[in-house]
Structure formats: C-alpha cells, structure tokens
Amino acid sequence: MINKGSKVLLEVKNLRASVDGVEILKGVDLTVRAGEVHAIMGINGSGKSTFSKVLAGHPDYAVTGGTATFAGKDLFALEPEERAKAGLFLAFQYPVEIPGVSNSAFLRLAYNTLQTERGLEELDPLEFEDLVQEKLKVVEMDPSFLSRSVNEGFSGGEKKRNEILQMAVLEPTLAILDETDSGLDIDALRIVAHGVNSLLTSENGVVMVTHYQRLLNYIVPDYVHVMDGGRIVRTGGKDLALELEARGYDWLRAAA
Amino acid sequence: MSTALHNLVNQPYKHGFVTDIETESVPKGLSEDVIRMISKKKNEPEWLLEFRLGAYRHWLTMVEPAWANVSYPKMDFQEIIYFAQPKPKKQLASLDEVDPELRRTFEKLGVPLHEQKLMTGVAVDVIFDSVSVTTTYKAKLAEIGIIFCSFSEAVHDHPELVKQYLGSVVPSGDNFYAALNSAVFTDGSFCYIPKGTKCPMDLSTYFRINTEGSGQFERTLIIAEEGSSVCYLEGCTAPQFDTNQLHAAVVELVALDNADIKYSTVQNWYAGDENGKGGIYNFVTKRGLCKGINSKISWTQVETGSAITWKYPSCVLLGDNSIGEFYSVALTNHLQQADTGTKMIHVGKNTRSKIISKGISAGRSSNCYRGQVKVGSRAAGARNYSQCDSMLIGDRCAASTFPTIDVQNTTATIEHEASTSKIGEDQMFFFAQRGIGSEEAISMIINGFCKDVFVHLPMEFAVEATKLLGLKLEGSVG
C-alpha cells in the first residue's frame, strides 16, 4: 500500500559509508513511510547488507557523508542501543549464538528495556511468559526454544525464525530484514513470511534486503529498489522484482 | 576492537592501597637460620621447627615445576621477605586494641572487625601479611566445641591436633611450593569441628598482603570430625606494587566419616597492570582428604586476580561412598595467566566426583584448565562427571584444556564434556541492536556462563562474584 500522506519513518539522503577505509555506500537515498514495505535487491557486493548494518550502527562501518533521520531523530547521532530503543530493528543475516543466556531471559530483558524506554510497565517472568507464548505462534516455534541458549544449536532456519520472534516481541517501528530468506526451505520461508505479514500495520514499516524474488511472492513490497555499486540505481513497484527474476541484473548495471 | 568493549575490561583495581603501618620483618632471603628465627619469633615447639627444617632440606633438592602453561622470569627466592608482621604495641586483649590503622584498612576492604557489626553471622579470621590479626566470634564458637583460631594459636593451644594432621593431606615434600610453604609458613587459620556438630555460621578467612617484597605463606587446616559439617569462605586482596609478590599457601582439609566440608574462595589478589607489570604469583596447594565413609568435600572458587595462578584444589576420596566436588570460575584479563583445575583421586568404593570448570579469557590473557581424574584399582563403582567450558572475549586471548583420565577399575564411569565459545563484537552488537547496553550484556553473558558454579557459592559471595567479574571485564568487549 502506498500512502503518500502517511508519516515518514526513515529518510536517508546521500548516504556514504566505508569499511576499513574502502567506500561501500556511495550516495544512497531512501524514504520509508508508515505502512510501507520496501525491498532492496542487488547482486553480492552491491552494498545492500552494508546499508542495513550502517543503519543499525554496526561499529565496523564508518559513515562518511549524508544524513539519516529516523522517527524525527538524527539516526547517526544515536548509539546502536538507542536506535533499537527508538524502534529500529535489524533481523540479522547471520544471527549470532549467545551461549549460556536463555532465549526467554534475553527476550524479556530486551522487551523490558523497550518498555521502560516507552514509559510502560516492565513484565515479570510470569507475565512475560504469557506474552511470549502468543508470539511463538506467529512463527510456529516450539516453546522448548525459549529455554535454550540464544541461537545455540539452532538450525539456520530456526535462527531466522528466532529473529522474527524477537521482532514480534519487540514490535519495532521499522524492521530491516537482512537476507532473512537465505538458507530457508520453502516451508520455513512461508512461515517467516506469514509471521512478518501478520506484524505489518499502518504504523510500521519493513525494509527487506534480498537476492531473490522468491521472498517477494510472500511479502509483497510496495517498492523495489535495485542497488548496484553502492547506489540505488532503479526504483519500481513489485513488477520490477519479476523483471529482475526474468532478465537478471546486467541490463540495469549497463543502464546505470 | 570497539572502545566500549575495550573500556569495559579495563576497570582499575580498587584494593591497591598500601597501609602505612610499622612492620617487623626478618631479613630477606631463606636459610636454616631464617627458619629458626621465624620459629623462635613464634615461640614454636621443637617438633614444628623439625617439620620446617625437614621441609626446607627437601625443598633444596627440588626444582621449580615447569610443566604449567605459564611463563615468568626466574624467581629469586633469596629476594623474598619470608616474615613480616604489623609491629604489636602490646599483647592484644580485645578487638578494641587492634591498631586503628589496621582496622581502617580492613574497613576499606569491607571486612568489619567489630563483632557487633557482623550482622551476616560470619566468623572471620583476618591475616595481614604473615600473621593473624584477629579472629571474631571465637568465644561463641568455643561454647559448642568448635575451635576457630589462627594457626599460631592452634600450635600452642591444641598441639596434639596440629601435630596429628599437619602435613597429613599435603606432605611437606609434596611439591616445590608446598615444601617452601612447609618450611616458612607464618600463620593461617585453624578450624576443628567436633563430632556431630554442624557449624552454625560460615567461617571465613580474609587474607591481605601489605608489605612490598614480602611473600605470603599461610597454612590453613580444617578438620571435620565424624558427622560434622562446616562452610568455609576465603577472600584475598593485595596492594598494587610494580614488583611481583609470591603467595604460596597450603590448605589441608580432612573430613572423617559422614562429615561435610564446603570451601569457597573469591580470589581478588592484585593482577598487575594492563601491561603485566606487578601482581601476585598465586602458587597454592589445596587438597582435601575424604578420609571417612560418606564424607564430602566441595571446593568452589572464583579466581579473578593474580598475575599468575597455579592452583589445583583437589580431593582424595579414600572413604567408601565419599564425594568430591570442584566448581570453578577463572577469569583472566590483560596479561594474566591462569593454570588451574583439580585432581580427583578415587581410592574407595563407590566414590563420586564432579568437576565444573568455567574459564573466561579476555585481553591478551591465557587461561588453562588442567585436571586429573584417577580411579584406583580398588575403587569399584567410582563415577566422575567433568565439564570444562571456556569463553574467549575478544580475539587476542587464549584458552586451553588439559584433562587427564587414568582409570584402573573397569566398573568406573567417567564422563567428560568440554566446550569453547567466543564473545566478540558481533555478540555485543546483537545485544545493542536489541536495546541492551554492553554492561548489561556482559553481565548477562557472564551470569549465564557461570551459573552452574555461582549456585554453589554462599549468597553474599555469589553477589560479590558477579559484581567482581563485571568490573574485571568492564571495557573488555569489542
């Protein structure tokens, strides 16, 4: 759905960023409004994952130019945890394992941190248990995952589902899904997509970073952006993704 | 490495002050004359002097062990002051007469000497440099027959017990540092729990090395008679000096039939600065003998300080059905080195042992678990379970595990599990992305990693240990 009049969640202008002195992003512009789903596509090394990490504040990346405004704030003036508290969520491409920390304890700490930030009541373990049981259904996860250490011994698909579980619990204003579809079989893809769709409202937005059109069959984007050489070289509707699927990326690269 | 992570590990040591107090010490260096001088100063009986001299002569024939995974410049044992004590103004009749300067030191360290302040109900023996300064709650414990006093007092007041048990678990020639300790030990704690008595309060010793260039060689002996039980806590700190100081203690525990000894340590000796200058060499021999049937000895340690730790609290399971336990958290940061673990020696039938070891390495430190499980030919039905987990924080530290299993009885069951995990920038970023700051993240990770050990610490120690580990790691992740 395209809501020209709705609230702007994220506005990125001419963003430049580098890692180890090498410039990866060379002037990215993107505006995401409430209620919108954006897909960012492109070949390996085009800068899509870098873009999502820079927005979340990964310490390896240095912003060298441009601006980003999120929820009315200067995004780059915020520490990574402040960005999270402001409602920015990144579903990781490679979720890390946290040995010894149970999934439920981790989720509850993250949830309560946000509740405090939002001026709401913290939940005790029992109240939180009720909440999280409901959220588990969103991604069809077994409750036994709650007592296991965060991502430890999880399969690739289980880790991705666990990311969406965190999204369901934290209810971010803007969720960036970094290649959430990679490594998922078709059933897991359907479950993850269903989970994301059920969390979409007119108040929040999603940016999906992906290689493949496949995910977009399940989560239908309002905009498709093609990234190449650290810039967005083409923006279109969902049909652009189908065209990419059919023709590949070369024709766009030549055009750029 | 991100600065947040870096700053988190580099918390300054806060027990590093020196107390300005007049001390009396023997000249540095070691010889039979020095040993005779120490023995004379302490007004010791002849048999104890013979014990010391025997140990010294044995020590002269021994070489420093080189098998541990630690490295340090060769120590000059003639440069160490073997005996230092706060100069007493006169014989102390009550706590009020303890030197006020000393009292302030221990107050700074959070060790209240006033009995009325001991709301927690812990009896404390305080060792300052080489001598015991005071033992609290002594009279109250004596009413039910428990002897809790300094080692020197025990030598005079209960020589028969000391003579019977001294060196019975750790023989004077057991190893290089135990032999050195046996020759020059100056004081320590002595504890005797009579038959059938459950000690009504936790007993505690607090060790403090103050004098520069001095070594601390204390000796602890705990005897739990038939059917008795005791819970013993030990805490340690030292001032910050650029030179290294040697701490070579010996702890002996004896549990008779159906007796139960639980020994907990939170070790926070000065670890040296971030460049590895200064710090304590903690070369300690701790061993418990489960002498009686159904006896139990449980070691719990949280090792955070010391430049070098060389320590293997062990259990000899002699009595049938006896139990030995070892729960350990060892944290190293900067250039600290730890080689620590345990030995479980199964001699009696149906003896059981359990080892839970958690090693955390940060900075450029090295952390090594070394363990031995030995099942003798008569130990039918013996069981051991070992779990050794290592956590690496950052990418410049090292962890190693050297388990040895030696089984001579086919009915024994031995299990060993080990794991290694790594905490780096990616984990910290993951926490941050969920709104959780680095301090909270570290504390959550450490608590999660160490919970199997922390549950065995007395409550107030567990709280202290959690805080201590958090402080030690402050700024280290990244």
# chains A, B, ... in the order shown; residues from 1 in each chain; ligands from 1
call {"tool": "residues_around", "arguments": {"residues": "Glu252 in chain B", "least_positions_apart": "2", "cutoff": "6 Å", "atoms": "only C-alpha atoms", "output": "compact mmCIF listing (two decimals) with C-alpha atoms, in the first residue's frame"}}
result
# COMPACT_ATOMS: atom_id res chain seq x y z
CA VAL B 169 46.99 -34.32 53.39
CA LEU B 221 43.98 -26.69 58.32
CA ARG B 287 43.83 -30.55 48.96
CA GLY B 288 41.06 -32.27 50.83
call {"tool": "select_by_dssp", "arguments": {"residues": "range 140-254 of chain A", "states": "strand (DSSP E)", "output": "VMD selection string"}}
result
chain A and resid 149 to 150 174 to 178 205 to 210 223 to 228 231 to 236
call {"tool": "closest_residue", "arguments": {"among": "A:Ala17, A:Leu114, A:Pro221, A:Glu97", "to": "Asp60 in chain A", "atoms": "only C-alpha atoms"}}
result
A:Ala17
call {"tool": "closest_atom_pairs", "arguments": {"of": "chain A", "to": "chain B", "cutoff": "6 Å", "atoms": "only C-alpha atoms", "output": "Markdown table"}}
result
| residue | atom | partner | partner_atom | distance |
| --- | --- | --- | --- | --- |
| A:Pro80 | CA | B:Ala432 | CA | 5.6 |
| A:Glu81 | CA | B:Gly435 | CA | 4.2 |
| A:Ala84 | CA | B:Gly435 | CA | 4.9 |
| A:Lys85 | CA | B:Gly435 | CA | 5.3 |
| A:Gly100 | CA | B:Gly448 | CA | 4.3 |
| A:Val101 | CA | B:Gly448 | CA | 5.0 |
| A:Ala110 | CA | B:Arg434 | CA | 5.7 |
call {"tool": "residues_around", "arguments": {"residues": "range 25-42 of chain A", "least_positions_apart": "2", "cutoff": "7 Å", "atoms": "only C-alpha atoms", "output": "PyMOL selection string"}}
result
chain A and resi 1-2+6-18+23+44+46-48+201-211+221-228+230-232
call {"tool": "select_by_dssp", "arguments": {"residues": "range 38-67 of chain B", "states": "alpha helix (DSSP H)", "output": "MDAnalysis selection string"}}
result
chainID B and resid 38:41 46:60
call {"tool": "write_last_selection", "arguments": {"atoms": "C-alpha atoms", "output": "CSV table (one decimal), in the first residue's frame"}}
result
chain,number,residue,atom,x,y,z
B,38,ILE,CA,60.7,-17.4,62.4
B,39,SER,CA,60.2,-20.4,64.6
B,40,LYS,CA,61.7,-18.6,67.6
B,41,LYS,CA,59.7,-15.4,67.0
B,46,GLU,CA,60.7,-28.3,68.8
B,47,TRP,CA,58.7,-30.7,66.6
B,48,LEU,CA,57.4,-27.9,64.5
B,49,LEU,CA,60.9,-26.5,63.9
B,50,GLU,CA,61.9,-30.0,62.8
B,51,PHE,CA,58.9,-30.1,60.5
B,52,ARG,CA,60.1,-26.9,58.9
B,53,LEU,CA,63.7,-27.8,58.6
B,54,GLY,CA,62.8,-31.2,57.1
B,55,ALA,CA,60.7,-29.4,54.5
B,56,TYR,CA,63.4,-26.9,53.8
B,57,ARG,CA,66.1,-29.6,53.3
B,58,HIS,CA,63.7,-31.4,51.0
B,59,TRP,CA,62.9,-28.2,49.1
B,60,LEU,CA,66.6,-27.6,48.5
call {"tool": "residues_around", "arguments": {"residues": "Cys191 in chain B", "least_positions_apart": "6", "cutoff": "6 Å", "atoms": "only C-alpha atoms", "output": "list of chain:residue names"}}
result
B:Ile147, B:Phe148, B:Ile222
call {"tool": "write_last_selection", "arguments": {"atoms": "N, CA and C atoms", "output": "compact mmCIF listing (two decimals), in the first residue's frame"}}
result
# COMPACT_ATOMS: atom_id res chain seq x y z
N ILE B 147 36.75 -25.14 67.37
CA ILE B 147 37.97 -24.35 67.51
C ILE B 147 38.17 -23.60 66.21
N PHE B 148 38.18 -22.28 66.28
CA PHE B 148 38.46 -21.47 65.09
C PHE B 148 39.42 -20.38 65.53
N ILE B 222 41.75 -27.56 58.23
CA ILE B 222 40.37 -27.73 58.69
C ILE B 222 40.11 -29.21 58.93
call {"tool": "residues_around", "arguments": {"residues": "Ile356 in chain B", "least_positions_apart": "2", "cutoff": "10 Å", "atoms": "only C-alpha atoms", "output": "MDAnalysis selection string"}}
result
chainID B and resid 300 325:329 341:342 354 358 385:389 417:418 450 452:453
call {"tool": "write_last_selection", "arguments": {"atoms": "C-alpha atoms", "output": "PDB file, in the first residue's frame"}}
result
ATOM      1  CA  THR B 300      34.132 -23.622  44.924  1.00  0.00           C
ATOM      2  CA  GLU B 325      33.300 -31.642  44.045  1.00  0.00           C
ATOM      3  CA  PHE B 326      35.074 -28.813  42.266  1.00  0.00           C
ATOM      4  CA  TYR B 327      33.261 -25.764  40.930  1.00  0.00           C
ATOM      5  CA  SER B 328      35.442 -23.108  39.401  1.00  0.00           C
ATOM      6  CA  VAL B 329      35.249 -19.828  37.565  1.00  0.00           C
ATOM      7  CA  GLY B 341      41.946 -27.104  37.751  1.00  0.00           C
ATOM      8  CA  THR B 342      41.620 -30.038  40.082  1.00  0.00           C
ATOM      9  CA  LYS B 354      32.050 -33.812  39.894  1.00  0.00           C
ATOM     10  CA  LYS B 358      34.383 -22.261  33.598  1.00  0.00           C
ATOM     11  CA  TYR B 385      31.477 -36.194  35.653  1.00  0.00           C
ATOM     12  CA  SER B 386      33.591 -33.346  34.275  1.00  0.00           C
ATOM     13  CA  GLN B 387      32.512 -30.327  32.347  1.00  0.00           C
ATOM     14  CA  CYS B 388      35.052 -27.763  31.156  1.00  0.00           C
ATOM     15  CA  ASP B 389      33.796 -24.714  29.343  1.00  0.00           C
ATOM     16  CA  GLU B 417      32.308 -32.677  28.319  1.00  0.00           C
ATOM     17  CA  ALA B 418      34.022 -29.578  27.016  1.00  0.00           C
ATOM     18  CA  CYS B 450      28.900 -19.163  35.287  1.00  0.00           C
ATOM     19  CA  ASP B 452      26.379 -23.682  37.360  1.00  0.00           C
ATOM     20  CA  VAL B 453      29.207 -22.508  39.627  1.00  0.00           C
TER      21      VAL B 453
END
call {"tool": "atom_distance", "arguments": {"atom1": "CA of Ser152 in chain B", "atom2": "CA of Tyr281 in chain B"}}
result
24.4 Å
call {"tool": "residues_around", "arguments": {"residues": "Val54 in chain A", "least_positions_apart": "6", "cutoff": "8 Å", "atoms": "only C-alpha atoms", "output": "PyMOL selection string"}}
result
chain A and resi 17+61-63
call {"tool": "closest_residue", "arguments": {"among": "B:Gly276, B:Lys343, B:Pro45, B:Tyr312", "to": "His156 in chain B", "atoms": "only C-alpha atoms"}}
result
B:Pro45
call {"tool": "atom_distance", "arguments": {"atom1": "CA of Ala66 in chain B", "atom2": "CA of Arg370 in chain B"}}
result
13.9 Å
call {"tool": "residues_around", "arguments": {"residues": "Ala193 in chain A", "least_positions_apart": "4", "cutoff": "7 Å", "atoms": "only C-alpha atoms", "output": "list in words"}}
result
Leu189, Asn197, Tyr218 and Ile219 of chain A
call {"tool": "write_last_selection", "arguments": {"atoms": "N, CA and C atoms", "output": "JSON list (two decimals), in the first residue's frame"}}
result
[["chain", "number", "residue", "atom", "x", "y", "z"],
["A", 189, "LEU", "N", 10.29, -20.59, 4.79],
["A", 189, "LEU", "CA", 10.11, -19.29, 4.13],
["A", 189, "LEU", "C", 8.65, -18.82, 4.28],
["A", 197, "ASN", "N", 4.19, -10.70, 7.74],
["A", 197, "ASN", "CA", 2.93, -10.10, 7.27],
["A", 197, "ASN", "C", 1.97, -9.81, 8.41],
["A", 218, "TYR", "N", 5.75, -13.79, -1.14],
["A", 218, "TYR", "CA", 5.05, -13.98, 0.13],
["A", 218, "TYR", "C", 4.86, -12.66, 0.87],
["A", 219, "ILE", "N", 5.88, -11.80, 0.82],
["A", 219, "ILE", "CA", 5.74, -10.48, 1.43],
["A", 219, "ILE", "C", 5.79, -9.49, 0.26]]
call {"tool": "atom_distance", "arguments": {"atom1": "CA of Phe176 in chain B", "atom2": "CA of Ala338 in chain B"}}
result
18.0 Å
